[in-house]
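Data block for structure-v4.pdb (PDB, C-alpha atoms):
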```
MODEL        1
ATOM      1  CA  MET A  17      34.153  66.697  11.264
ATOM      2  CA  ASN A  18      35.768  63.230  11.365
ATOM      3  CA  LYS A  19      35.223  60.984   8.367
ATOM      4  CA  SER A  20      33.189  57.819   8.919
ATOM      5  CA  THR A  21      35.051  54.500   8.807
ATOM      6  CA  GLN A  22      33.935  52.765   5.609
ATOM      7  CA  ILE A  23      33.245  49.045   6.116
ATOM      8  CA  LEU A  24      32.615  46.533   3.328
ATOM      9  CA  PHE A  25      30.765  43.425   4.536
ATOM     10  CA  VAL A  26      30.846  40.422   2.176
ATOM     11  CA  ASP A  27      28.387  37.672   3.125
ATOM     12  CA  ASP A  28      25.815  35.813   1.060
ATOM     13  CA  ASP A  29      23.383  35.501   3.988
ATOM     14  CA  ALA A  30      20.910  38.388   4.209
ATOM     15  CA  ASP A  31      20.074  37.570   7.833
ATOM     16  CA  ASP A  32      23.724  37.970   8.785
ATOM     17  CA  TYR A  33      23.842  41.304   6.986
ATOM     18  CA  ILE A  34      20.811  42.550   8.928
ATOM     19  CA  MET A  35      22.411  41.418  12.191
ATOM     20  CA  VAL A  36      25.716  43.162  11.426
ATOM     21  CA  ARG A  37      23.931  46.257  10.104
ATOM     22  CA  ASP A  38      21.951  46.585  13.325
ATOM     23  CA  MET A  39      25.155  46.284  15.372
ATOM     24  CA  ILE A  40      26.892  48.935  13.274
ATOM     25  CA  ASN A  41      23.872  51.227  13.676
ATOM     26  CA  ALA A  42      24.061  50.741  17.449
ATOM     27  CA  MET A  43      27.656  51.985  17.531
ATOM     28  CA  PRO A  44      28.459  55.677  18.054
ATOM     29  CA  LYS A  45      26.526  57.565  15.391
ATOM     30  CA  GLY A  46      28.454  58.544  12.300
ATOM     31  CA  GLN A  47      31.644  56.648  13.165
ATOM     32  CA  PHE A  48      31.006  53.664  10.889
ATOM     33  CA  LYS A  49      29.334  53.291   7.505
ATOM     34  CA  LEU A  50      28.471  49.798   6.234
ATOM     35  CA  GLU A  51      28.220  48.558   2.641
ATOM     36  CA  TRP A  52      27.069  45.017   1.897
ATOM     37  CA  GLN A  53      27.933  42.731  -1.001
ATOM     38  CA  ALA A  54      26.390  39.256  -1.148
ATOM     39  CA  ASP A  55      28.150  37.961  -4.261
ATOM     40  CA  TYR A  56      31.813  36.960  -4.526
ATOM     41  CA  ASN A  57      32.164  38.223  -8.101
ATOM     42  CA  ASP A  58      30.560  41.581  -7.293
ATOM     43  CA  ALA A  59      32.699  42.054  -4.197
ATOM     44  CA  LEU A  60      36.035  41.301  -5.905
ATOM     45  CA  PRO A  61      36.379  44.448  -8.064
ATOM     46  CA  ILE A  62      35.134  46.606  -5.186
ATOM     47  CA  MET A  63      37.812  45.231  -2.880
ATOM     48  CA  GLN A  64      40.479  45.661  -5.548
ATOM     49  CA  ARG A  65      39.749  49.399  -5.635
ATOM     50  CA  LYS A  66      40.678  49.604  -1.926
ATOM     51  CA  GLU A  67      38.116  52.309  -1.235
ATOM     52  CA  HIS A  68      37.062  50.995   2.194
ATOM     53  CA  ASP A  69      38.802  51.284   5.534
ATOM     54  CA  VAL A  70      37.877  47.814   6.811
ATOM     55  CA  TYR A  71      36.796  44.577   5.103
ATOM     56  CA  LEU A  72      34.560  42.153   7.011
ATOM     57  CA  ILE A  73      34.528  38.875   5.058
ATOM     58  CA  ASP A  74      32.584  35.680   5.716
ATOM     59  CA  TYR A  75      34.517  32.492   4.996
ATOM     60  CA  MET A  76      31.570  30.698   3.359
ATOM     61  CA  LEU A  77      30.531  32.426   0.138
ATOM     62  CA  GLY A  78      28.485  29.849  -1.714
ATOM     63  CA  GLU A  79      30.768  27.695  -3.894
ATOM     64  CA  LYS A  80      33.748  29.930  -3.102
ATOM     65  CA  ASN A  81      35.255  31.172   0.128
ATOM     66  CA  GLY A  82      36.506  34.313   1.797
ATOM     67  CA  LEU A  83      40.174  33.331   1.710
ATOM     68  CA  ASP A  84      40.070  33.007  -2.077
ATOM     69  CA  LEU A  85      38.382  36.395  -2.285
ATOM     70  CA  ILE A  86      41.066  38.000  -0.118
ATOM     71  CA  ARG A  87      43.889  36.392  -2.104
ATOM     72  CA  ASN A  88      42.452  37.544  -5.421
ATOM     73  CA  ALA A  89      41.633  41.035  -4.182
ATOM     74  CA  PHE A  90      44.999  41.561  -2.460
ATOM     75  CA  PRO A  91      47.544  39.324  -4.243
ATOM     76  CA  ASN A  92      50.437  41.093  -2.526
ATOM     77  CA  GLY A  93      48.954  40.651   0.947
ATOM     78  CA  CYS A  94      46.429  42.622   2.968
ATOM     79  CA  SER A  95      47.670  46.163   3.443
ATOM     80  CA  LEU A  96      44.239  47.214   4.731
ATOM     81  CA  PRO A  97      42.372  45.833   7.759
ATOM     82  CA  VAL A  98      40.589  42.560   6.955
ATOM     83  CA  ILE A  99      38.464  40.625   9.442
ATOM     84  CA  LEU A 100      37.463  37.048   8.563
ATOM     85  CA  LEU A 101      34.379  35.367  10.003
ATOM     86  CA  THR A 102      35.001  31.637  10.385
ATOM     87  CA  ALA A 103      33.134  28.591  11.613
ATOM     88  CA  ARG A 104      33.649  27.048  15.022
ATOM     89  CA  GLY A 105      36.591  24.660  15.263
ATOM     90  CA  ARG A 106      38.177  25.584  11.914
ATOM     91  CA  ARG A 107      41.673  26.199  13.251
ATOM     92  CA  GLU A 108      43.338  25.449   9.917
ATOM     93  CA  ILE A 109      41.320  28.257   8.320
ATOM     94  CA  ASP A 110      42.333  30.678  11.061
ATOM     95  CA  GLU A 111      46.009  29.856  10.572
ATOM     96  CA  GLU A 112      45.772  30.217   6.801
ATOM     97  CA  ALA A 113      43.994  33.549   7.218
ATOM     98  CA  LEU A 114      46.822  34.938   9.331
ATOM     99  CA  SER A 115      49.402  33.703   6.811
ATOM    100  CA  ILE A 116      47.903  35.884   4.043
ATOM    101  CA  GLY A 117      47.688  38.989   6.205
ATOM    102  CA  VAL A 118      44.175  38.871   7.674
ATOM    103  CA  THR A 119      44.214  41.187  10.664
ATOM    104  CA  GLU A 120      41.617  39.491  12.845
ATOM    105  CA  TYR A 121      39.271  36.517  12.750
ATOM    106  CA  PHE A 122      36.553  35.184  14.995
ATOM    107  CA  ASP A 123      33.758  32.641  15.094
ATOM    108  CA  LYS A 124      30.682  33.909  13.298
ATOM    109  CA  ALA A 125      28.460  32.398  15.983
ATOM    110  CA  ASP A 126      30.125  34.603  18.586
ATOM    111  CA  ILE A 127      29.392  37.965  16.965
ATOM    112  CA  ARG A 128      28.230  40.449  19.566
ATOM    113  CA  LEU A 129      28.239  44.231  19.471
ATOM    114  CA  PRO A 130      31.227  44.746  21.826
ATOM    115  CA  LEU A 131      33.272  42.054  20.039
ATOM    116  CA  LEU A 132      32.551  43.424  16.582
ATOM    117  CA  GLU A 133      33.331  47.013  17.517
ATOM    118  CA  ARG A 134      36.526  45.960  19.289
ATOM    119  CA  ALA A 135      37.597  43.825  16.311
ATOM    120  CA  ILE A 136      37.076  46.716  13.881
ATOM    121  CA  ARG A 137      39.032  49.155  16.029
ATOM    122  CA  TYR A 138      41.784  46.602  16.654
ATOM    123  CA  ALA A 139      42.105  45.816  12.940
ATOM    124  CA  ILE A 140      42.441  49.489  12.036
ATOM    125  CA  ASN A 141      44.979  50.162  14.782
ATOM    126  CA  ASN A 142      46.983  47.027  14.015
ATOM    127  CA  LYS A 143      47.328  47.900  10.332
ATOM    128  CA  ARG A 144      48.321  51.447  11.245
ATOM    129  CA  ILE A 145      51.109  50.102  13.449
ATOM    130  CA  GLU A 146      52.220  47.690  10.708
ATOM    131  CA  SER A 147      52.378  50.562   8.217
ATOM    132  CA  GLU A 148      54.427  52.699  10.600
ATOM    133  CA  LEU A 149      56.829  49.818  11.219
ATOM    134  CA  ARG A 150      57.280  49.257   7.486
ATOM    135  CA  GLN A 151      58.034  52.951   7.012
ATOM    136  CA  SER A 152      60.546  52.893   9.883
ATOM    137  CA  GLU A 153      62.230  49.783   8.492
ATOM    138  CA  ALA A 154      62.428  51.338   5.027
ATOM    139  CA  LEU A 155      64.006  54.478   6.481
ATOM    140  CA  PHE A 156      66.482  52.403   8.476
ATOM    141  CA  ARG A 157      67.482  50.376   5.401
ATOM    142  CA  SER A 158      67.911  53.582   3.412
ATOM    143  CA  LEU A 159      70.166  55.085   6.086
ATOM    144  CA  VAL A 160      72.270  51.929   6.316
ATOM    145  CA  HIS A 161      72.570  51.699   2.539
ATOM    146  CA  SER A 162      73.676  55.322   2.076
ATOM    147  CA  ALA A 163      76.040  55.570   5.057
ATOM    148  CA  SER A 164      79.760  55.990   4.364
ATOM    149  CA  ASP A 165      80.686  54.060   7.545
ATOM    150  CA  TYR A 166      80.902  50.279   7.705
ATOM    151  CA  ILE A 167      77.580  49.128   9.175
ATOM    152  CA  GLN A 168      76.553  45.591  10.094
ATOM    153  CA  VAL A 169      73.235  44.530  11.617
ATOM    154  CA  LEU A 170      73.465  41.479  13.856
ATOM    155  CA  ASP A 171      71.052  38.888  15.151
ATOM    156  CA  MET A 172      71.020  37.704  18.759
ATOM    157  CA  ASP A 173      73.795  35.189  18.018
ATOM    158  CA  GLY A 174      76.167  37.818  16.662
ATOM    159  CA  ASN A 175      75.676  36.834  13.021
ATOM    160  CA  ILE A 176      75.447  39.510  10.339
ATOM    161  CA  THR A 177      71.947  39.902   8.891
ATOM    162  CA  GLN A 178      72.489  43.149   6.965
ATOM    163  CA  THR A 179      75.495  45.011   5.629
ATOM    164  CA  ASN A 180      75.963  48.105   3.481
ATOM    165  CA  PRO A 181      77.745  49.006   0.226
ATOM    166  CA  SER A 182      80.506  50.872   2.067
ATOM    167  CA  THR A 183      81.511  47.669   3.837
ATOM    168  CA  MET A 184      81.673  45.719   0.602
ATOM    169  CA  ARG A 185      83.555  48.428  -1.283
ATOM    170  CA  GLY A 186      86.010  49.159   1.498
ATOM    171  CA  ALA A 187      86.680  45.605   2.675
ATOM    172  CA  GLY A 188      86.460  43.933  -0.719
ATOM    173  CA  TYR A 189      83.697  41.502   0.250
ATOM    174  CA  THR A 190      80.555  40.494  -1.591
ATOM    175  CA  GLU A 191      77.232  40.330   0.242
ATOM    176  CA  SER A 192      77.326  36.514   0.210
ATOM    177  CA  ASP A 193      80.746  36.668   1.925
ATOM    178  CA  ILE A 194      79.230  38.553   4.846
ATOM    179  CA  ILE A 195      75.541  37.765   5.382
ATOM    180  CA  GLY A 196      74.964  34.946   7.851
ATOM    181  CA  LYS A 197      78.561  34.945   9.086
ATOM    182  CA  PRO A 198      79.588  35.792  12.666
ATOM    183  CA  LEU A 199      80.893  39.340  12.922
ATOM    184  CA  ALA A 200      83.661  38.031  15.196
ATOM    185  CA  SER A 201      85.137  36.068  12.282
ATOM    186  CA  PHE A 202      86.021  39.358  10.539
ATOM    187  CA  LEU A 203      87.743  40.943  13.563
ATOM    188  CA  THR A 204      91.334  40.981  14.728
ATOM    189  CA  PRO A 205      92.032  38.917  17.877
ATOM    190  CA  HIS A 206      92.059  42.048  20.064
ATOM    191  CA  SER A 207      88.882  43.477  18.535
ATOM    192  CA  LYS A 208      87.226  40.060  18.700
ATOM    193  CA  SER A 209      87.958  39.784  22.429
ATOM    194  CA  ASN A 210      86.497  43.250  23.103
ATOM    195  CA  PHE A 211      83.470  42.545  20.922
ATOM    196  CA  GLU A 212      82.696  39.248  22.635
ATOM    197  CA  LYS A 213      82.894  40.902  26.069
ATOM    198  CA  GLN A 214      80.587  43.741  25.041
ATOM    199  CA  TYR A 215      78.200  41.506  23.125
ATOM    200  CA  SER A 216      77.854  38.952  25.915
ATOM    201  CA  SER A 217      76.909  41.717  28.331
ATOM    202  CA  ILE A 218      73.734  42.589  26.387
ATOM    203  CA  LEU A 219      72.514  39.034  25.833
TER     204      LEU A 219
ENDMDL
END
```
Could you express the structure from this file as structure tokens?
Amino acid sequence: MNKSTQILFVDDDADDYIMVRDMINAMPKGQFKLEWQADYNDALPIMQRKEHDVYLIDYMLGEKNGLDLIRNAFPNGCSLPVILLTARGRREIDEEALSIGVTEYFDKADIRLPLLERAIRYAINNKRIESELRQSEALFRSLVHSASDYIQVLDMDGNITQTNPSTMRGAGYTESDIIGKPLASFLTPHSKSNFEKQYSSIL
């Protein structure tokens, strides 16, 4: 049997909790389980344990706010799905939320069952994709680092963004000699001409 998605809802308004609880209960039975915390200080250690699958956080939490709670609970960024409920017209809050890793945000006044369920599923899926990308990037960096061949990673302008130890050992360069420089500047005239022809064809 599939495990229920554990949701922590942090909001100091009991009426909002009842509204969200009723929406969660109206979703497919057994798929979601809701826990409510009304107090910032009580919610903080619970969030730090990272025992829930999704965190639904209201921005207004008495004298404190949801962004402070998220920062203190996840000082290295949100690795788990976090949805922030904001007030209408607070664009600066939305932008700040995204900058600290909040997965999704929406106006509290707009909460409806389809929107809430979609936001929860989107947040979970988005964080899963982020995690898979991080793992792929880590594997790629490991392969580049351990390769015996000279490997350079380029940006769209042909500048080197990553190199590997083999390049530095074999060519006698330091990382600062290479990173940010055009690859063409390290090539012979013949190789440079061939590179520029091949590179221009993919841009």
Apply the PyMOL selection byres ((chain A and resi 122-132) around 6) to the file shown and report the selected residues as number ranges by chain.
-> A: 39, 101-104, 121, 133-135
What lies within 9 Å of A:Val26 using only C-alpha atoms, ignoring chain neighbours under 6 positions off, as a PDB file with C-alpha atoms, in the frame of the given file?
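Output (result33.pdb):
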```pdb
ATOM      1  CA  TYR A  33      23.842  41.304   6.986  1.00  0.00           C
ATOM      2  CA  GLU A  51      28.220  48.558   2.641  1.00  0.00           C
ATOM      3  CA  TRP A  52      27.069  45.017   1.897  1.00  0.00           C
ATOM      4  CA  GLN A  53      27.933  42.731  -1.001  1.00  0.00           C
ATOM      5  CA  ALA A  54      26.390  39.256  -1.148  1.00  0.00           C
ATOM      6  CA  ASP A  55      28.150  37.961  -4.261  1.00  0.00           C
ATOM      7  CA  TYR A  56      31.813  36.960  -4.526  1.00  0.00           C
ATOM      8  CA  ALA A  59      32.699  42.054  -4.197  1.00  0.00           C
ATOM      9  CA  TYR A  71      36.796  44.577   5.103  1.00  0.00           C
ATOM     10  CA  LEU A  72      34.560  42.153   7.011  1.00  0.00           C
ATOM     11  CA  ILE A  73      34.528  38.875   5.058  1.00  0.00           C
ATOM     12  CA  ASP A  74      32.584  35.680   5.716  1.00  0.00           C
ATOM     13  CA  LEU A  77      30.531  32.426   0.138  1.00  0.00           C
ATOM     14  CA  GLY A  82      36.506  34.313   1.797  1.00  0.00           C
TER      15      GLY A  82
END
```
Length of the atom CA of A:Ile140 to atom CA of A:Val98 vector [Å] | 8.8 Å
Just so the selection is clear, what residues does the PyMOL selection byres ((chain A and resi 161-178) around 9) cover here, as a ChimeraX atom specification?
-> /A:156-160,179-184,186-187,191,194-200,212,215,219
Suppose you want the space between atom CA of A:Gln64 and atom CA of A:Cys94; what is it in Å?
-> 10.8 Å
Ground truth for the PyMOL selection byres ((chain A and resi 141-152) around 8), written as a PyMOL selection string = chain A and resi 95-97+119+137-140+153-156
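Distance-wise, atom CA of A:Asp110 and atom CA of A:Met43 end up 26.7 Å apart.
Among the candidate residues A:Ala30, A:Ile99, A:Ser209, A:Ile40, the one lying nearest to A:Tyr75 is A:Ile99, with distances computed using all atoms listed in the file.
The residue that comes closest to A:Gln22, out of A:Ala89, A:Ile136, A:Leu50, A:Ile34 and on the basis of only C-alpha atoms, is A:Leu50.
For the choices A:Leu24, A:Gln214, A:Asp29, A:Gln47, the atom-to-atom distance to A:Arg65 is smallest for A:Leu24 when using only C-alpha atoms.
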Would you be able to write out as a ChimeraX atom specification which residues have an atom within 10 Å of (38.9, 54.7, 1.4) in the file's coordinates, counting only C-alpha atoms?
-> /A:20-23,65-70,96
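With all atoms listed in the file as the atoms that count, the residue of A:Ser192, A:Ile62, A:Met76, A:Asn57 with the shortest distance to A:Asp32 is A:Met76.
Near A:Arg87, within a cut-off of 12 Å and counting only C-alpha atoms, sit the residues Leu60, Met63, Gln64, Asn81, Gly82, Leu83, Asp84, Leu85, Ala89, Phe90, Pro91, Asn92, Gly93, Cys94, Ser95, Val98, Glu112, Ala113, Leu114, Ser115, Ile116, Gly117 and Val118 of chain A, with same-chain residues fewer than 2 positions away left out.
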Missing atoms in stretch 52-87 of chain A: can you complete it with N, CA and C atoms, as a PDB file, keeping the file's coordinate frame?
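out-v9.pdb was written with the following content:
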```
ATOM      1  N   TRP A  52      27.197  46.473   1.959  1.00  0.00           N
ATOM      2  CA  TRP A  52      27.069  45.017   1.897  1.00  0.00           C
ATOM      3  C   TRP A  52      27.153  44.529   0.466  1.00  0.00           C
ATOM      4  N   GLN A  53      27.903  43.443   0.264  1.00  0.00           N
ATOM      5  CA  GLN A  53      27.933  42.731  -1.001  1.00  0.00           C
ATOM      6  C   GLN A  53      27.708  41.252  -0.708  1.00  0.00           C
ATOM      7  N   ALA A  54      26.725  40.660  -1.394  1.00  0.00           N
ATOM      8  CA  ALA A  54      26.390  39.256  -1.148  1.00  0.00           C
ATOM      9  C   ALA A  54      27.101  38.304  -2.103  1.00  0.00           C
ATOM     10  N   ASP A  55      27.595  38.816  -3.217  1.00  0.00           N
ATOM     11  CA  ASP A  55      28.150  37.961  -4.261  1.00  0.00           C
ATOM     12  C   ASP A  55      29.668  38.112  -4.369  1.00  0.00           C
ATOM     13  N   TYR A  56      30.349  36.993  -4.412  1.00  0.00           N
ATOM     14  CA  TYR A  56      31.813  36.960  -4.526  1.00  0.00           C
ATOM     15  C   TYR A  56      32.288  37.789  -5.713  1.00  0.00           C
ATOM     16  N   ASN A  57      31.710  37.562  -6.875  1.00  0.00           N
ATOM     17  CA  ASN A  57      32.164  38.223  -8.101  1.00  0.00           C
ATOM     18  C   ASN A  57      31.898  39.728  -8.089  1.00  0.00           C
ATOM     19  N   ASP A  58      30.841  40.148  -7.406  1.00  0.00           N
ATOM     20  CA  ASP A  58      30.560  41.581  -7.293  1.00  0.00           C
ATOM     21  C   ASP A  58      31.502  42.239  -6.290  1.00  0.00           C
ATOM     22  N   ALA A  59      31.848  41.489  -5.252  1.00  0.00           N
ATOM     23  CA  ALA A  59      32.699  42.054  -4.197  1.00  0.00           C
ATOM     24  C   ALA A  59      34.152  42.206  -4.661  1.00  0.00           C
ATOM     25  N   LEU A  60      34.618  41.308  -5.515  1.00  0.00           N
ATOM     26  CA  LEU A  60      36.035  41.301  -5.905  1.00  0.00           C
ATOM     27  C   LEU A  60      36.519  42.630  -6.487  1.00  0.00           C
ATOM     28  N   PRO A  61      35.874  43.184  -7.522  1.00  0.00           N
ATOM     29  CA  PRO A  61      36.379  44.448  -8.064  1.00  0.00           C
ATOM     30  C   PRO A  61      36.269  45.612  -7.081  1.00  0.00           C
ATOM     31  N   ILE A  62      35.280  45.551  -6.192  1.00  0.00           N
ATOM     32  CA  ILE A  62      35.134  46.606  -5.186  1.00  0.00           C
ATOM     33  C   ILE A  62      36.314  46.562  -4.220  1.00  0.00           C
ATOM     34  N   MET A  63      36.681  45.363  -3.785  1.00  0.00           N
ATOM     35  CA  MET A  63      37.812  45.231  -2.880  1.00  0.00           C
ATOM     36  C   MET A  63      39.117  45.641  -3.561  1.00  0.00           C
ATOM     37  N   GLN A  64      39.250  45.319  -4.821  1.00  0.00           N
ATOM     38  CA  GLN A  64      40.479  45.661  -5.548  1.00  0.00           C
ATOM     39  C   GLN A  64      40.693  47.169  -5.649  1.00  0.00           C
ATOM     40  N   ARG A  65      39.615  47.940  -5.578  1.00  0.00           N
ATOM     41  CA  ARG A  65      39.749  49.399  -5.635  1.00  0.00           C
ATOM     42  C   ARG A  65      40.248  49.991  -4.319  1.00  0.00           C
ATOM     43  N   LYS A  66      40.171  49.195  -3.245  1.00  0.00           N
ATOM     44  CA  LYS A  66      40.678  49.604  -1.926  1.00  0.00           C
ATOM     45  C   LYS A  66      40.090  50.947  -1.472  1.00  0.00           C
ATOM     46  N   GLU A  67      38.793  51.063  -1.606  1.00  0.00           N
ATOM     47  CA  GLU A  67      38.116  52.309  -1.235  1.00  0.00           C
ATOM     48  C   GLU A  67      37.557  52.287   0.184  1.00  0.00           C
ATOM     49  N   HIS A  68      37.613  51.121   0.841  1.00  0.00           N
ATOM     50  CA  HIS A  68      37.062  50.995   2.194  1.00  0.00           C
ATOM     51  C   HIS A  68      38.186  50.961   3.215  1.00  0.00           C
ATOM     52  N   ASP A  69      37.824  51.273   4.447  1.00  0.00           N
ATOM     53  CA  ASP A  69      38.802  51.284   5.534  1.00  0.00           C
ATOM     54  C   ASP A  69      38.958  49.924   6.189  1.00  0.00           C
ATOM     55  N   VAL A  70      37.882  49.133   6.187  1.00  0.00           N
ATOM     56  CA  VAL A  70      37.877  47.814   6.811  1.00  0.00           C
ATOM     57  C   VAL A  70      37.060  46.868   5.937  1.00  0.00           C
ATOM     58  N   TYR A  71      37.519  45.601   5.857  1.00  0.00           N
ATOM     59  CA  TYR A  71      36.796  44.577   5.103  1.00  0.00           C
ATOM     60  C   TYR A  71      36.412  43.461   6.071  1.00  0.00           C
ATOM     61  N   LEU A  72      35.107  43.199   6.153  1.00  0.00           N
ATOM     62  CA  LEU A  72      34.560  42.153   7.011  1.00  0.00           C
ATOM     63  C   LEU A  72      34.052  41.045   6.092  1.00  0.00           C
ATOM     64  N   ILE A  73      34.759  39.907   6.071  1.00  0.00           N
ATOM     65  CA  ILE A  73      34.528  38.875   5.058  1.00  0.00           C
ATOM     66  C   ILE A  73      34.105  37.565   5.713  1.00  0.00           C
ATOM     67  N   ASP A  74      32.990  37.001   5.250  1.00  0.00           N
ATOM     68  CA  ASP A  74      32.584  35.680   5.716  1.00  0.00           C
ATOM     69  C   ASP A  74      33.376  34.615   4.965  1.00  0.00           C
ATOM     70  N   TYR A  75      33.751  33.552   5.659  1.00  0.00           N
ATOM     71  CA  TYR A  75      34.517  32.492   4.996  1.00  0.00           C
ATOM     72  C   TYR A  75      33.669  31.770   3.951  1.00  0.00           C
ATOM     73  N   MET A  76      32.429  31.442   4.281  1.00  0.00           N
ATOM     74  CA  MET A  76      31.570  30.698   3.359  1.00  0.00           C
ATOM     75  C   MET A  76      30.839  31.664   2.431  1.00  0.00           C
ATOM     76  N   LEU A  77      31.171  31.573   1.145  1.00  0.00           N
ATOM     77  CA  LEU A  77      30.531  32.426   0.138  1.00  0.00           C
ATOM     78  C   LEU A  77      30.020  31.558  -1.015  1.00  0.00           C
ATOM     79  N   GLY A  78      29.035  30.743  -0.698  1.00  0.00           N
ATOM     80  CA  GLY A  78      28.485  29.849  -1.714  1.00  0.00           C
ATOM     81  C   GLY A  78      29.509  28.796  -2.110  1.00  0.00           C
ATOM     82  N   GLU A  79      29.808  28.679  -3.416  1.00  0.00           N
ATOM     83  CA  GLU A  79      30.768  27.695  -3.894  1.00  0.00           C
ATOM     84  C   GLU A  79      32.218  28.147  -3.673  1.00  0.00           C
ATOM     85  N   LYS A  80      32.401  29.406  -3.336  1.00  0.00           N
ATOM     86  CA  LYS A  80      33.748  29.930  -3.102  1.00  0.00           C
ATOM     87  C   LYS A  80      33.887  30.308  -1.635  1.00  0.00           C
ATOM     88  N   ASN A  81      35.064  30.813  -1.275  1.00  0.00           N
ATOM     89  CA  ASN A  81      35.255  31.172   0.128  1.00  0.00           C
ATOM     90  C   ASN A  81      35.986  32.500   0.279  1.00  0.00           C
ATOM     91  N   GLY A  82      35.951  33.002   1.511  1.00  0.00           N
ATOM     92  CA  GLY A  82      36.506  34.313   1.797  1.00  0.00           C
ATOM     93  C   GLY A  82      38.006  34.400   1.620  1.00  0.00           C
ATOM     94  N   LEU A  83      38.725  33.308   1.881  1.00  0.00           N
ATOM     95  CA  LEU A  83      40.174  33.331   1.710  1.00  0.00           C
ATOM     96  C   LEU A  83      40.551  33.507   0.244  1.00  0.00           C
ATOM     97  N   ASP A  84      39.822  32.826  -0.636  1.00  0.00           N
ATOM     98  CA  ASP A  84      40.070  33.007  -2.077  1.00  0.00           C
ATOM     99  C   ASP A  84      39.786  34.440  -2.498  1.00  0.00           C
ATOM    100  N   LEU A  85      38.726  35.006  -1.962  1.00  0.00           N
ATOM    101  CA  LEU A  85      38.382  36.395  -2.285  1.00  0.00           C
ATOM    102  C   LEU A  85      39.495  37.345  -1.840  1.00  0.00           C
ATOM    103  N   ILE A  86      40.001  37.132  -0.639  1.00  0.00           N
ATOM    104  CA  ILE A  86      41.066  38.000  -0.118  1.00  0.00           C
ATOM    105  C   ILE A  86      42.329  37.852  -0.954  1.00  0.00           C
ATOM    106  N   ARG A  87      42.685  36.614  -1.281  1.00  0.00           N
ATOM    107  CA  ARG A  87      43.889  36.392  -2.104  1.00  0.00           C
ATOM    108  C   ARG A  87      43.779  37.070  -3.456  1.00  0.00           C
TER     109      ARG A  87
END
```
